[in-house]
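Inspection log for the structure reproduced underneath, given as structure tokens.
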Amino acid sequence: MIRKAAKYLLTVVLIVLAWGASTQYNKEYFFHMGRKSMMNNNYQDAIQTLNVLLRFDQDAYEAYFLRGIAKYNMDDLLGADTDFSIAIEKNPVFTNAYTYRAITRSRLGNYDDALKDFHEAIELRPDLPGPYYSRGVTRLLNQQFEEAIKDLDMFIRHEKKVSDAYLNRGMCYLYLKDTTKAYEEFETAIRTNREDPNGYNRRGVLYMQQKRFKEAEVDFDTAIKHDSSYLLSFFNRALVYSDTNRPMLALSDFDRVIELDSTNSLTYFNRAIVRSQIGDYNRALDDYNHVAKYSPKNVLVYYNRAMLLSQIGEVESAIEDYTKAIKLYPDFANAYLNRSYLRYLSGDPKGAKSDRQIAEKKIAEYKSRLSDSTYSIYADTTQKFDKLLSFDAKLSGSDFDNVADNGNSESINIKLIPLFRYTLTQPDSALMARNALYHSQREVDFRAKIGNPLVILSCKESNISADSLVMLDKALAERMRSERLDWTMYFQRGISQTLIKQYTNAVNTLSLAISENPSNPFLYINRSTTRAEMIDFISSIDNSYQRITIDSDPVNRLRNSGSRTYNYDDAIEDINKAIKLYPDFAYSYYNRANLQAISNKLPEAYDDYSKAIELNPSFGEAYYNRGLVQIYMKDNRKGFLDLSKAGELGIEEAYQALKHYTND
């Protein structure tokens with residue numbers, strides 16, 4: 001233990017000494033490490049790293065901003081608000097800080113201050129579409145529906161391919177009682193993203209409200225087809241089954257929801273009602289017990305469970321539950337009447353009389369207030385409480401407010417194998433064997449000219465530690481100050497800057513290399529991949545869109561998630577130049593195919609993967625990615641064949657993908 005403490009102390013001392021020796025260098029290091037931790041979802045590590053930076057530089061407003069994002073993702077909303085506020089105080093024109101503070105305040109339910117922040121962000125950057133979207137969602141939550149529509153109109157004017165924008169605008173129209181326009185918006189959302197279950201669910205719920213159960217069922221079926229782990233689709237379809245007198249199918253879907261979320265009180269509640277209706281009393285009782293466990297302040301669970309207990313002859317337990325319901329809601333006339341009857345049966349006429357008198361008094365009060373819409377339905381003795389609740393219902397005291405978000409349980413991560421680029425890495429036998437499958441003398445000569453054995457063409461992450469990469473970059477910077485500069489030095493420095501995520505500097509350095517050697521295709525390849533990586537990095541931390549979820553608590557509705565299409569034109573232009581200079585290099589076509597694929601140009605991506613395979617028949621990564629593209633284009637058979645070939649060529653991910661898609 002002492003040895004560990006000494007080691008930690010030594011590390012701290014070294015950090016402090018290093019800071020004194022080179023403040024600027026270490027600022028970049030801590031920024032790099034903090035951002036890297038955030039990209040890996042290690043928000044607590046990011047906060048600790050940024051804390052060190054802020055101890056030495058209290059004016060680093062970007063560090064406060066990044067720490068605010070980390071706290072936001074840790075659900076420390078008040079801490080995030082504080083950090084964004086400090087960032088704004090130190091830089092009053094920091095647009096992103098206003099935007100993120102507004103999002104945070106929206107989640108806190110502080111809509112007025114959130115709207116003020118959105119106004120500031122839009123005043124500073126009226127050309128950015130993101131704040132209009134976020135303000136539109138906030139106005140929707142704040143029931144400012146006409147204003148929300150105007151903001152979403154502005155957003156859609158700039159960004160026409162974000163389906164959530166149409167869904168949210170549709171919800172505004174729905175609240176304004178314009179179901180025709182709401183339906184049109186949901187239709188547009190579905191056309192914009194046919195793979196997203198949310199559009200089908202929204203339209204399905206609208207159909208369900210209009211008693212168009214057959215059409216609703218089709219929509220929920222489609223939503224489930226696109227995402228079999230999205231619990232809201234099963235939940236809503238269960239309601240359709242129940243409304244169309246198919247209780248066994250309804251129970252099956254409720255079972256699936258509970259498999260996905262074992263603490264979902266609302267589903268246990270609805271399943272208990274269906275089980276009671278078909279006479280499965282024991283299992284219905286188990287379900288009510290689960291609701292009581294997860295939602296102990298839910299009035300209806302005790303009332304309904306009491307009715308069930310009385311049916312199976314457990315009178316004393318039923319009386320206890322009616323008492324609990326009355327304690328939670330003293331004006332619940334039905335509970336008094338039912339308890340009165342049970343007390344009479346159990347030999348307590350005095351208690352029965354008292355309950356009946358109280359109930360009659362409350363009934364009289366209820367009748368005198370029939371015109372008062374604020375008076376609770378629980379006083380109405382004609383009200384039945386065995387109706388299935390929709391997902392928008394809220395059980396008092398429940399903990400399922402964010403169930404719609406959590407319902408999207410994490411699935412297998414199927415994604416394209418990344419771009420090939422020159423990187424700094426320790427060559428291993430597997431990498432060398434893979435590279436040996438494709439020979440290009442021009443490429444061999446290029447690496448020989450560089451003269452650095454760590455410079456390798458690869459699609460993998462560097463196996464050199466982050467600390468060592470920073471040291472390598474520093475060493476290259478020192479060499480450039482003392483040695484004659486040429487394109488090989490610029491190229492190597494551009495690689496190291498990319499690896500430590502100094503993307504702007506890396507692009508500039510690679511541009512210097514290109515200006516020294518403009519006919520070299522390999523230089524363009526790396527500037528292309530660096531530009532693409534820069535866009536991907538920006539999208540990972542600069543995504544100001546949120547989606548509105550089917551969530552009963554407005555505080556939980558805003559989420560810093562969603563999708564945005566970024567422009568890869570500069571990266572594609574560079575790879576086009578590389579292909580023009582060296583049209584027989586397979587990796588260039590592979591890279592262009594990747595960029596086409598993520599730009600949603602799937603036919604063009606397919607053609608480029610095919611060209612890469614033509615030039616390199618052993619190109620397993622190209623087979624794998626082409627297989628995914630074909631599956632996305634609904635040509636499953638050919639896609640499966642390509643994935644099979646990729647597996648034969650040593651791509652381990654291929655078999656995982658085959659298992660995933662063939663079991664879909």
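Starting from 1 in every chain, residues are counted up; chains themselves are A, B, ... following the order of the structure tokens, and ligands are numbered from 1 as listed.
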To test your reading of the structure, identify every residue in region 582-647 of chain A that backbone DSSP assigns to alpha helix (DSSP H), and report it as JSON, numbers by chain.
{"A": [586, 587, 588, 589, 590, 591, 592, 593, 594, 595, 596, 597, 598, 602, 603, 604, 605, 606, 607, 608, 609, 610, 611, 612, 613, 614, 615, 620, 621, 622, 623, 624, 625, 626, 627, 628, 629, 630, 631, 632, 636, 637, 638, 639, 640, 641, 642, 643, 644, 645, 646, 647]}
Near-Tyr661 (chain A) list (9 Å; only C-alpha atoms; drop same-chain fewer than 6 positions) as number ranges by chain:
A: 631, 636, 640
Restricting it to C-alpha atoms, dump the selection as a PDB file, in the first residue's frame.
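This is the output file again.pdb:
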```pdb
ATOM      1  CA  ILE A 631     -27.124  -5.458 -46.652  1.00  0.00           C
ATOM      2  CA  ASN A 636     -28.823  -9.597 -48.173  1.00  0.00           C
ATOM      3  CA  PHE A 640     -23.782 -12.440 -46.784  1.00  0.00           C
TER       4      PHE A 640
END
```
When DSSP is applied to the backbone of this structure, which of region 452-607 of chain A are assigned strand (DSSP E)? Write them out as a short mmCIF file (atom, residue, chain, number, x, y, z; two decimals) with N, CA and C atoms, in the first residue's frame.
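The file below, result19.cif, is the result:
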```cif
data_model
loop_
_atom_site.label_atom_id
_atom_site.label_comp_id
_atom_site.auth_asym_id
_atom_site.auth_seq_id
_atom_site.Cartn_x
_atom_site.Cartn_y
_atom_site.Cartn_z
N VAL A 455 6.42 4.00 -39.43
CA VAL A 455 5.42 4.50 -40.37
C VAL A 455 4.87 3.32 -41.16
N ILE A 456 3.63 2.96 -40.86
CA ILE A 456 3.00 1.77 -41.44
C ILE A 456 1.62 2.15 -41.98
N LEU A 457 1.23 1.55 -43.10
CA LEU A 457 -0.13 1.72 -43.62
C LEU A 457 -1.05 0.75 -42.90
N SER A 458 -2.08 1.28 -42.21
CA SER A 458 -2.94 0.42 -41.40
C SER A 458 -4.30 1.08 -41.19
#
```
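Between CA of Asn508 (chain A) and CA of Tyr490 (chain A) the separation is 9.4 Å.
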Interatomic distance, CA of Arg212 (chain A) to CA of Asn168 (chain A) (Å, one decimal)
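CA of Arg212 (chain A) sits 22.1 Å away from CA of Asn168 (chain A).
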